[in-house]
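Peer 1: Just so it is clear, I am handing over upload-v2.tsv, which has TSV, C-alpha atoms.
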chain	number	residue	atom	x	y	z
N	1	MET	CA	103.78	46.94	152.44
N	2	SER	CA	100.00	47.36	152.19
N	3	ALA	CA	98.08	50.60	152.66
N	4	PRO	CA	96.84	51.34	156.19
N	5	VAL	CA	93.54	49.80	157.27
N	6	PHE	CA	91.12	52.44	158.61
N	7	SER	CA	88.10	51.74	160.79
N	8	THR	CA	85.58	54.44	161.72
N	9	LEU	CA	83.19	54.35	164.67
N	10	GLY	CA	80.56	56.97	165.48
N	11	CYS	CA	79.39	60.07	163.67
N	12	ARG	CA	79.66	61.35	160.10
N	13	LEU	CA	82.21	63.92	161.23
N	14	ASN	CA	84.43	61.02	162.29
N	15	ALA	CA	83.89	59.46	158.86
N	16	TYR	CA	84.90	62.73	157.21
N	17	GLU	CA	88.02	62.93	159.35
N	18	THR	CA	88.93	59.34	158.54
N	19	GLU	CA	89.02	60.28	154.86
N	20	ALA	CA	91.27	63.23	155.71
N	21	MET	CA	93.56	60.94	157.72
N	22	ARG	CA	93.66	58.48	154.84
N	23	GLU	CA	94.87	61.24	152.52
N	24	MET	CA	97.50	62.42	155.00
N	25	ALA	CA	98.74	58.88	155.67
N	26	GLN	CA	99.02	58.25	151.94
N	27	ALA	CA	100.92	61.52	151.42
N	28	ALA	CA	103.27	60.58	154.26
N	29	GLY	CA	103.94	57.15	152.79
N	30	LEU	CA	102.60	55.30	155.83
N	31	SER	CA	101.99	51.62	155.21
N	32	GLY	CA	101.33	48.46	157.16
N	33	ALA	CA	99.22	49.95	159.97
N	34	VAL	CA	95.71	49.74	161.44
N	35	VAL	CA	94.00	53.02	162.40
N	36	VAL	CA	90.86	53.00	164.56
N	37	ASN	CA	88.94	56.30	164.77
N	38	THR	CA	86.88	55.95	167.96
N	39	CYS	CA	83.67	57.42	169.35
N	40	ALA	CA	83.00	58.39	172.98
N	41	VAL	CA	79.33	59.32	172.92
N	42	THR	CA	78.37	56.44	175.24
N	43	ALA	CA	80.11	53.85	177.38
N	44	GLU	CA	78.91	51.29	174.84
N	45	ALA	CA	80.76	53.19	172.11
N	46	VAL	CA	84.01	52.86	174.07
N	47	ARG	CA	83.37	49.14	174.58
N	48	LYS	CA	82.82	48.71	170.85
N	49	ALA	CA	86.06	50.58	170.15
N	50	ARG	CA	88.02	48.16	172.33
N	51	GLN	CA	86.26	45.25	170.62
N	52	GLU	CA	87.13	46.64	167.17
N	53	ILE	CA	90.79	47.11	168.14
N	54	ARG	CA	91.06	43.50	169.29
N	55	ARG	CA	89.35	42.22	166.13
N	56	LEU	CA	91.57	44.17	163.77
N	57	SER	CA	94.68	43.18	165.71
N	58	ARG	CA	93.75	39.50	165.33
N	59	GLU	CA	93.09	39.94	161.62
N	60	ASN	CA	96.35	41.85	161.07
N	61	PRO	CA	98.92	40.09	163.30
N	62	GLY	CA	102.14	41.99	163.86
N	63	VAL	CA	100.78	45.22	162.34
N	64	PRO	CA	100.99	48.43	164.45
N	65	VAL	CA	97.61	49.61	165.76
N	66	ILE	CA	97.00	53.38	166.01
N	67	VAL	CA	93.99	54.57	168.02
N	68	THR	CA	92.53	58.05	167.70
N	69	GLY	CA	89.17	59.85	167.90
N	70	CYS	CA	87.02	61.07	170.78
N	71	ALA	CA	87.46	58.04	173.05
N	72	ALA	CA	91.23	58.22	172.59
N	73	GLN	CA	91.08	61.92	173.50
N	74	THR	CA	88.93	61.53	176.61
N	75	GLU	CA	90.48	58.38	178.05
N	76	PRO	CA	93.88	57.75	176.42
N	77	GLU	CA	95.02	55.60	179.32
N	78	THR	CA	92.28	53.05	178.55
N	79	PHE	CA	93.69	52.39	175.09
N	80	ALA	CA	97.36	52.80	176.00
N	81	ALA	CA	96.89	49.92	178.46
N	82	MET	CA	95.69	47.57	175.71
N	83	PRO	CA	98.50	45.26	174.56
N	84	GLU	CA	97.23	45.45	170.98
N	85	VAL	CA	97.69	49.24	170.78
N	86	THR	CA	100.93	50.75	169.49
N	87	LYS	CA	100.05	54.45	169.64
N	88	VAL	CA	97.24	56.71	170.90
N	89	ILE	CA	96.73	60.01	169.05
N	90	GLY	CA	94.47	62.89	170.07
N	91	ASN	CA	91.72	64.51	168.00
N	92	HIS	CA	93.80	67.59	167.19
N	93	GLU	CA	96.95	65.63	166.42
N	94	LYS	CA	95.15	63.26	164.03
N	95	MET	CA	94.38	66.18	161.69
N	96	GLN	CA	98.01	67.33	161.39
N	97	PRO	CA	100.06	66.10	158.39
N	98	ALA	CA	103.20	66.17	160.55
N	99	THR	CA	101.67	63.54	162.83
N	100	TRP	CA	101.31	61.08	159.97
N	101	ALA	CA	104.74	61.88	158.60
N	102	GLY	CA	106.14	61.00	162.02
N	103	LEU	CA	104.41	57.60	162.03
N	104	ARG	CA	106.37	56.07	159.19
N	105	ALA	CA	108.09	52.80	160.11
N	106	PRO	CA	110.47	52.14	161.76
N	107	ASP	CA	109.79	55.29	163.86
N	108	LEU	CA	106.29	54.05	164.76
N	109	ILE	CA	107.62	51.44	167.15
N	110	GLY	CA	110.71	53.34	168.21
N	111	ASP	CA	111.31	55.41	171.30
N	112	THR	CA	108.54	57.92	170.62
N	113	GLU	CA	105.82	58.39	173.23
N	114	LYS	CA	102.97	55.92	173.05
N	115	VAL	CA	100.38	58.60	173.89
N	116	VAL	CA	100.28	61.83	171.88
N	117	VAL	CA	97.20	63.60	173.25
N	118	ASP	CA	97.35	67.30	174.09
N	119	ASP	CA	94.81	69.56	175.81
N	120	ILE	CA	91.98	69.79	173.28
N	121	MET	CA	90.60	72.88	175.05
N	122	SER	CA	93.66	74.86	173.94
N	123	VAL	CA	92.95	74.27	170.23
N	124	ARG	CA	91.67	77.32	168.36
N	125	GLU	CA	91.76	76.36	164.68
N	126	THR	CA	89.59	73.82	162.86
N	127	ALA	CA	89.52	71.99	159.52
N	128	GLY	CA	93.26	72.26	159.05
N	129	HIS	CA	92.92	69.57	156.41
N	130	LEU	CA	90.08	69.80	153.88
N	131	ILE	CA	89.18	66.92	151.59
N	132	ASP	CA	87.80	67.40	148.10
N	133	GLY	CA	85.15	64.72	148.19
N	134	PHE	CA	83.73	61.94	150.32
N	135	GLY	CA	81.36	59.47	148.75
N	136	ARG	CA	80.41	59.19	145.09
N	137	HIS	CA	77.76	61.87	144.61
N	138	ARG	CA	77.46	63.53	148.01
N	139	ALA	CA	80.35	65.44	149.60
N	140	TYR	CA	80.71	66.34	153.28
N	141	VAL	CA	82.22	69.65	154.31
N	142	GLN	CA	83.28	70.24	157.90
N	143	VAL	CA	82.47	73.83	158.82
N	144	GLN	CA	82.65	73.63	162.61
N	145	ASN	CA	84.20	71.58	165.40
N	146	GLY	CA	83.89	71.42	169.18
N	147	CYS	CA	81.13	72.58	171.53
N	148	ASP	CA	80.80	75.37	174.10
N	149	HIS	CA	77.73	73.85	175.76
N	150	ARG	CA	77.93	71.53	178.73
N	151	CYS	CA	74.95	69.18	178.60
N	152	THR	CA	75.11	67.08	181.77
N	153	PHE	CA	75.20	63.74	179.91
N	154	CYS	CA	77.80	64.61	177.30
N	155	ILE	CA	81.54	63.94	177.22
N	156	ILE	CA	82.02	65.16	173.64
N	157	PRO	CA	83.22	68.72	174.47
N	158	PHE	CA	86.15	67.10	176.25
N	159	GLY	CA	86.88	65.05	173.16
N	160	ARG	CA	86.41	67.85	170.63
N	161	GLY	CA	87.28	71.01	172.55
N	162	ASN	CA	85.61	74.42	172.39
N	163	SER	CA	83.54	75.50	169.40
N	164	ARG	CA	85.51	76.85	166.45
N	165	SER	CA	84.38	77.70	162.94
N	166	VAL	CA	85.79	77.49	159.44
N	167	PRO	CA	85.58	80.96	157.80
N	168	ALA	CA	82.84	81.30	155.18
N	169	GLY	CA	85.31	82.09	152.39
N	170	VAL	CA	87.22	78.84	153.01
N	171	VAL	CA	83.97	76.85	153.04
N	172	ILE	CA	82.73	78.41	149.80
N	173	GLU	CA	86.01	77.85	147.97
N	174	GLN	CA	85.97	74.19	148.95
N	175	ILE	CA	82.37	73.77	147.81
N	176	LYS	CA	83.23	75.38	144.48
N	177	ARG	CA	86.05	72.82	144.05
N	178	LEU	CA	83.68	69.99	144.91
N	179	VAL	CA	81.08	71.17	142.40
N	180	GLY	CA	83.84	71.50	139.81
N	181	ARG	CA	84.74	67.86	140.45
N	182	GLY	CA	81.19	66.75	139.75
N	183	PHE	CA	79.57	66.56	143.18
N	184	HIS	CA	75.88	67.47	143.06
N	185	GLU	CA	75.18	67.55	146.79
N	186	VAL	CA	77.10	68.98	149.74
N	187	VAL	CA	76.37	68.25	153.39
N	188	LEU	CA	77.56	70.74	156.02
N	189	THR	CA	78.83	68.93	159.11
N	190	GLY	CA	80.03	69.86	162.58
N	191	VAL	CA	79.76	68.91	166.24
N	192	ASP	CA	77.43	71.81	167.12
N	193	LEU	CA	76.53	73.14	163.71
N	194	THR	CA	74.23	75.97	164.79
N	195	SER	CA	77.07	77.53	166.80
N	196	TRP	CA	78.95	78.17	163.54
N	197	GLY	CA	80.25	81.72	163.34
N	198	ALA	CA	80.14	82.63	167.04
N	199	ASP	CA	83.95	82.82	167.13
N	200	LEU	CA	84.34	84.63	163.78
N	201	PRO	CA	84.52	88.41	163.19
N	202	GLY	CA	81.03	89.88	163.16
N	203	THR	CA	79.61	86.66	164.68
N	204	PRO	CA	77.71	85.45	161.59
N	205	ARG	CA	75.14	82.69	162.00
N	206	LEU	CA	74.63	79.37	160.26
N	207	GLY	CA	71.81	80.84	158.17
N	208	ASP	CA	74.21	83.49	156.87
N	209	LEU	CA	76.60	80.76	155.74
N	210	VAL	CA	73.80	78.78	154.06
N	211	MET	CA	72.53	81.82	152.16
N	212	ARG	CA	76.06	82.78	151.05
N	213	ILE	CA	76.78	79.29	149.77
N	214	LEU	CA	73.57	79.15	147.76
N	215	ARG	CA	74.16	82.62	146.33
N	216	LEU	CA	77.88	82.27	145.54
N	217	VAL	CA	77.82	78.66	144.28
N	218	PRO	CA	74.88	78.74	141.85
N	219	ASP	CA	75.89	75.43	140.23
N	220	LEU	CA	75.47	73.51	143.49
N	221	ALA	CA	72.34	71.43	142.97
N	222	ARG	CA	71.62	70.47	146.57
N	223	LEU	CA	72.76	71.65	150.00
N	224	ARG	CA	72.01	69.66	153.12
N	225	ILE	CA	72.70	70.48	156.75
N	226	SER	CA	73.29	67.77	159.34
N	227	SER	CA	72.11	67.74	162.97
N	228	ILE	CA	71.13	71.13	164.39
N	229	ASP	CA	70.04	72.53	167.74
N	230	SER	CA	66.62	73.93	166.82
N	231	ILE	CA	66.61	76.56	169.58
N	232	GLU	CA	69.63	78.17	167.87
N	233	ALA	CA	68.06	78.36	164.40
N	234	ASP	CA	68.51	81.95	163.20
N	235	GLU	CA	66.39	84.21	161.01
N	236	ASN	CA	68.37	83.58	157.83
N	237	LEU	CA	68.25	79.82	158.32
N	238	MET	CA	64.46	80.03	158.51
N	239	LEU	CA	64.49	82.28	155.43
N	240	ALA	CA	66.54	79.69	153.56
N	241	ILE	CA	64.07	76.98	154.57
N	242	ALA	CA	61.24	79.11	153.22
N	243	THR	CA	62.78	80.35	149.97
N	244	GLU	CA	65.65	78.10	148.84
N	245	PRO	CA	64.54	74.92	147.03
N	246	ARG	CA	68.18	73.78	146.78
N	247	LEU	CA	68.30	73.48	150.58
N	248	MET	CA	67.05	69.95	151.20
N	249	PRO	CA	63.82	69.70	153.25
N	250	HIS	CA	65.21	67.39	155.91
N	251	LEU	CA	66.49	68.42	159.33
N	252	HIS	CA	67.89	66.21	162.07
N	253	LEU	CA	67.23	67.80	165.45
N	254	SER	CA	69.17	67.44	168.68
N	255	LEU	CA	66.13	67.13	170.96
N	256	GLN	CA	67.29	64.48	173.49
N	257	ALA	CA	64.05	64.38	175.51
N	258	GLY	CA	60.42	65.49	175.52
N	259	ASP	CA	59.96	66.23	179.20
N	260	ASP	CA	60.72	69.71	180.56
N	261	MET	CA	62.18	68.54	183.87
N	262	ILE	CA	64.49	66.06	182.14
N	263	LEU	CA	65.53	68.74	179.63
N	264	LYS	CA	66.44	71.05	182.52
N	265	ARG	CA	68.41	68.29	184.23
N	266	MET	CA	70.18	67.64	180.93
N	267	LYS	CA	71.01	71.38	180.84
N	268	ARG	CA	69.48	71.71	177.42
N	269	ARG	CA	68.58	75.15	176.10
N	270	HIS	CA	65.03	74.39	174.99
N	271	LEU	CA	61.78	73.05	176.39
N	272	ARG	CA	59.34	70.68	174.68
N	273	ASP	CA	57.10	73.55	173.50
N	274	ASP	CA	60.13	75.17	171.83
N	275	ALA	CA	60.77	71.98	169.85
N	276	ILE	CA	57.14	71.66	168.81
N	277	ALA	CA	56.95	75.34	167.81
N	278	PHE	CA	60.10	75.06	165.69
N	279	CYS	CA	58.80	72.02	163.81
N	280	GLU	CA	55.44	73.69	163.22
N	281	GLU	CA	57.08	76.87	161.93
N	282	ALA	CA	59.57	75.06	159.69
N	283	ARG	CA	56.77	72.95	158.24
N	284	ARG	CA	54.63	76.06	157.70
N	285	LEU	CA	57.50	77.64	155.76
N	286	ARG	CA	58.26	74.42	153.89
N	287	PRO	CA	55.32	71.97	153.84
N	288	ASP	CA	57.50	69.08	152.59
N	289	MET	CA	59.92	69.42	155.51
N	290	VAL	CA	60.64	66.19	157.40
N	291	PHE	CA	62.42	65.77	160.72
N	292	GLY	CA	64.64	63.24	162.43
N	293	ALA	CA	65.88	63.57	165.98
N	294	ASP	CA	68.25	62.30	168.66
N	295	ILE	CA	66.46	61.15	171.83
N	296	ILE	CA	67.95	59.59	174.97
N	297	ALA	CA	65.97	56.86	176.73
N	298	GLY	CA	66.32	56.35	180.48
N	299	PHE	CA	68.14	59.53	181.48
N	300	PRO	CA	68.73	59.57	185.28
N	301	THR	CA	65.57	60.39	187.31
N	302	GLU	CA	63.32	59.75	184.26
N	303	THR	CA	59.98	58.33	185.39
N	304	GLU	CA	57.56	56.48	183.15
N	305	ALA	CA	55.41	59.62	182.91
N	306	MET	CA	58.44	61.68	181.88
N	307	PHE	CA	59.32	59.05	179.28
N	308	GLN	CA	55.80	59.17	177.87
N	309	ASN	CA	56.34	62.88	177.20
N	310	SER	CA	59.24	61.90	174.94
N	311	VAL	CA	57.06	59.33	173.19
N	312	ARG	CA	54.34	61.94	172.60
N	313	LEU	CA	56.92	64.38	171.26
N	314	VAL	CA	57.54	62.02	168.33
N	315	ALA	CA	53.98	62.56	167.11
N	316	GLU	CA	53.73	66.21	168.15
N	317	CYS	CA	56.87	67.13	166.18
N	318	GLY	CA	56.08	64.72	163.35
N	319	LEU	CA	59.44	62.95	163.69
N	320	THR	CA	59.95	60.33	160.99
N	321	PHE	CA	63.40	59.03	161.93
N	322	LEU	CA	64.94	58.62	165.38
N	323	HIS	CA	68.44	58.06	166.67
N	324	VAL	CA	67.61	56.49	170.03
N	325	PHE	CA	70.39	56.36	172.61
N	326	PRO	CA	69.87	54.17	175.68
N	327	TYR	CA	71.42	56.30	178.42
N	328	SER	CA	74.82	55.17	179.63
N	329	ALA	CA	76.77	57.06	182.28
N	330	ARG	CA	79.96	58.77	181.17
N	331	LYS	CA	82.52	59.20	183.93
N	332	GLY	CA	83.18	62.87	184.65
N	333	THR	CA	79.74	64.14	183.58
N	334	PRO	CA	77.20	65.56	186.07
N	335	ALA	CA	74.53	63.10	184.95
N	336	ALA	CA	76.70	60.18	186.06
N	337	ARG	CA	76.16	61.33	189.66
N	338	MET	CA	72.35	61.51	189.34
N	339	PRO	CA	70.02	58.67	190.47
N	340	ALA	CA	70.09	56.08	187.71
N	341	VAL	CA	67.21	54.34	185.96
N	342	ALA	CA	67.40	50.53	186.08
N	343	GLY	CA	69.06	48.92	183.07
N	344	PRO	CA	66.07	46.80	181.99
N	345	ALA	CA	63.82	49.88	182.07
N	346	ILE	CA	66.31	51.83	179.93
N	347	ARG	CA	66.41	49.06	177.32
N	348	ASP	CA	62.61	48.72	177.33
N	349	ARG	CA	62.11	52.47	176.85
N	350	ALA	CA	64.66	52.57	174.05
N	351	ALA	CA	62.81	49.79	172.25
N	352	ARG	CA	59.49	51.57	172.64
N	353	LEU	CA	60.95	54.83	171.33
N	354	ARG	CA	62.35	53.05	168.29
N	355	ALA	CA	58.94	51.54	167.63
N	356	ALA	CA	57.32	54.97	167.93
N	357	GLY	CA	59.81	56.48	165.48
Could you express the structure from this file as structure tokens?
Peer 2:
Amino acid sequence: MSAPVFSTLGCRLNAYETEAMREMAQAAGLSGAVVVNTCAVTAEAVRKARQEIRRLSRENPGVPVIVTGCAAQTEPETFAAMPEVTKVIGNHEKMQPATWAGLRAPDLIGDTEKVVVDDIMSVRETAGHLIDGFGRHRAYVQVQNGCDHRCTFCIIPFGRGNSRSVPAGVVIEQIKRLVGRGFHEVVLTGVDLTSWGADLPGTPRLGDLVMRILRLVPDLARLRISSIDSIEADENLMLAIATEPRLMPHLHLSLQAGDDMILKRMKRRHLRDDAIAFCEEARRLRPDMVFGADIIAGFPTETEAMFQNSVRLVAECGLTFLHVFPYSARKGTPAARMPAVAGPAIRDRAARLRAAG
């Protein structure tokens, strides 16, 4: 039988976890299956997941289809009801070698439960399976998972669980192995990266981890950090920006909006002036620093004037790359109960934001 077919939707953390699942499936001897690792960040992401499942089922007739990822975690019944789907696996379960060992045929289509999705909020450990490489020259290292914040638009905490961190010693040992295997660049990834360390003894911060990596792995040529919440940037992270040339001068910021009222309704932890001040300070410390950002277009109650504040933020922060998300309501989130912006206006604003970025 052929090796499993894997399909990844959504973020780089999902892509990392797909590689981990591929290794575990191979070790378990799983063959002849389709695995779809889904995203739940928007309603459109869930629609695309269903579309991908149907496509892969058509292209692989008679092959069991396994669905996992954030959308499978948050709405398992949606995927269990699809006739193409053989099994639905939660985000915690997908990272357990025993799960993949239990999926070997003929057990996969036996009497086992179709849905294996436990309470993600009860999970305390993270990165139970580390991979030694991902990509040809750049390796991704998961150092954190989950989120303790409850932004009103976001379903991801219910897909990923509470924030939990990989201990610094484990991270450093993995990076040393990656460098030994010839990787020149490492990217630190997580769901809420700047919350790293809050659950560890002594509550270290992300900047502490960055400085330790650069000090203890001197042969690492380049270190990059993925999306951060700028309001949570700590003193050592700013020191690393100022003094460590091996830390790449690119930051992707979770900004989401440029209007203070919308930021408050999103339950964000910063205001527009905080974002501008962070970018100015980071660029003062590192003149070649460049910024990308996530911004949502058409959040409920957003007026044209509020939207224009987001457009102006692009120039005021000097953002050179945008991930623009047209707002889509996620069932179970507070924002889904707020007065909605009309669909055509959302799409128009998203297009204008993309043009600005």
Peer 1: Point out the residue among N:Val324, N:Ile89, N:Ala45, N:Val179 with the least atom-to-atom distance to Pro218 in chain N, counting all atoms listed in the file.
Peer 2: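 Looking at the shortest contact to Pro218 in chain N, the residue is N:Val179.
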Peer 1: Determine, counting all atoms listed in the file, which protein, DNA and RNA residues have an atom within 9 Å of an atom of Thr8 in chain N; residues of the same chain fewer than 5 positions away are not included. Present the result as an MDAnalysis selection string.
Peer 2: chainID N and resid 14:15 18 35:39 69
Peer 1: What is the distance between CA of Arg177 in chain N and CA of Met21 in chain N, in Å to one decimal?
Peer 2: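 Here the two named atoms are 19.6 Å from each other.
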Peer 1: Check the smallest atom-to-atom distance from each of N:Asp229, N:Glu235, N:Glu244, N:Glu173 to Val217 in chain N using all atoms listed in the file, then report the winner.
Peer 2: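 Nearest to Val217 in chain N: N:Glu173.
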Peer 1: Using only C-alpha atoms for the distances, tell me which of N:Ala40, N:Ile213, N:Val34, N:Val187 is nearest to Cys154 in chain N.
Peer 2: N:Ala40
Peer 1: Write out as a PyMOL selection string the residues lying within 12 Å of Pro245 in chain N, counting all atoms listed in the file and excluding same-chain residues fewer than 2 positions away.
Peer 2: chain N and resi 211+214+220-224+239-243+247-250+285-289
Peer 1: Go through N:Glu304, N:Glu59, N:Asp192, N:Asp148 one by one, measure the shortest atom-to-atom distance of each to Leu206 in chain N using all atoms listed in the file, and give the residue with the smallest value.
Peer 2: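 Residue with the minimum atom-to-atom distance to Leu206 in chain N: N:Asp192.
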Peer 1: If you count all atoms listed in the file, which residues fall within 12 Å of Arg352 in chain N, apart from same-chain ones fewer than 3 positions away, as a ChimeraX atom specification?
Peer 2: /N:295-298,304,307-308,310-312,314,322,324-326,345-349,355-357
Peer 1: Those residues you just picked out, can you put them in a file as a CSV table (one decimal), in the frame of the given file with C-alpha atoms?
Peer 2:
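Final output, again23.csv:
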chain,number,residue,atom,x,y,z
N,295,ILE,CA,66.5,61.2,171.8
N,296,ILE,CA,68.0,59.6,175.0
N,297,ALA,CA,66.0,56.9,176.7
N,298,GLY,CA,66.3,56.4,180.5
N,304,GLU,CA,57.6,56.5,183.2
N,307,PHE,CA,59.3,59.0,179.3
N,308,GLN,CA,55.8,59.2,177.9
N,310,SER,CA,59.2,61.9,174.9
N,311,VAL,CA,57.1,59.3,173.2
N,312,ARG,CA,54.3,61.9,172.6
N,314,VAL,CA,57.5,62.0,168.3
N,322,LEU,CA,64.9,58.6,165.4
N,324,VAL,CA,67.6,56.5,170.0
N,325,PHE,CA,70.4,56.4,172.6
N,326,PRO,CA,69.9,54.2,175.7
N,345,ALA,CA,63.8,49.9,182.1
N,346,ILE,CA,66.3,51.8,179.9
N,347,ARG,CA,66.4,49.1,177.3
N,348,ASP,CA,62.6,48.7,177.3
N,349,ARG,CA,62.1,52.5,176.8
N,355,ALA,CA,58.9,51.5,167.6
N,356,ALA,CA,57.3,55.0,167.9
N,357,GLY,CA,59.8,56.5,165.5
Peer 1: What is the distance, in Å and to one decimal place, between CA of Phe183 in chain N and CA of Gln96 in chain N?
Peer 2: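 Result for CA of Phe183 in chain N versus CA of Gln96 in chain N: 25.9 Å, one decimal.
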Peer 1: Do you have the CA of Thr78 in chain N-CA of Ile66 in chain N distance handy?
Peer 2: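 Atom-to-atom, CA of Thr78 in chain N and CA of Ile66 in chain N are spaced 13.4 Å apart.
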Peer 1: Any idea what's packed within 8 Å of Gly318 in chain N, counting all atoms listed in the file, ignoring anything in its chain fewer than 6 positions away? Could you give it as an mmCIF file with C-alpha atoms, in the frame of the given file?
Peer 2:
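File written: part_30.cif
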data_model
loop_
_atom_site.group_PDB
_atom_site.id
_atom_site.type_symbol
_atom_site.label_atom_id
_atom_site.label_comp_id
_atom_site.auth_asym_id
_atom_site.auth_seq_id
_atom_site.Cartn_x
_atom_site.Cartn_y
_atom_site.Cartn_z
ATOM 1 C CA CYS N 279 58.800 72.020 163.810
ATOM 2 C CA VAL N 290 60.640 66.190 157.400
ATOM 3 C CA PHE N 291 62.420 65.770 160.720
#
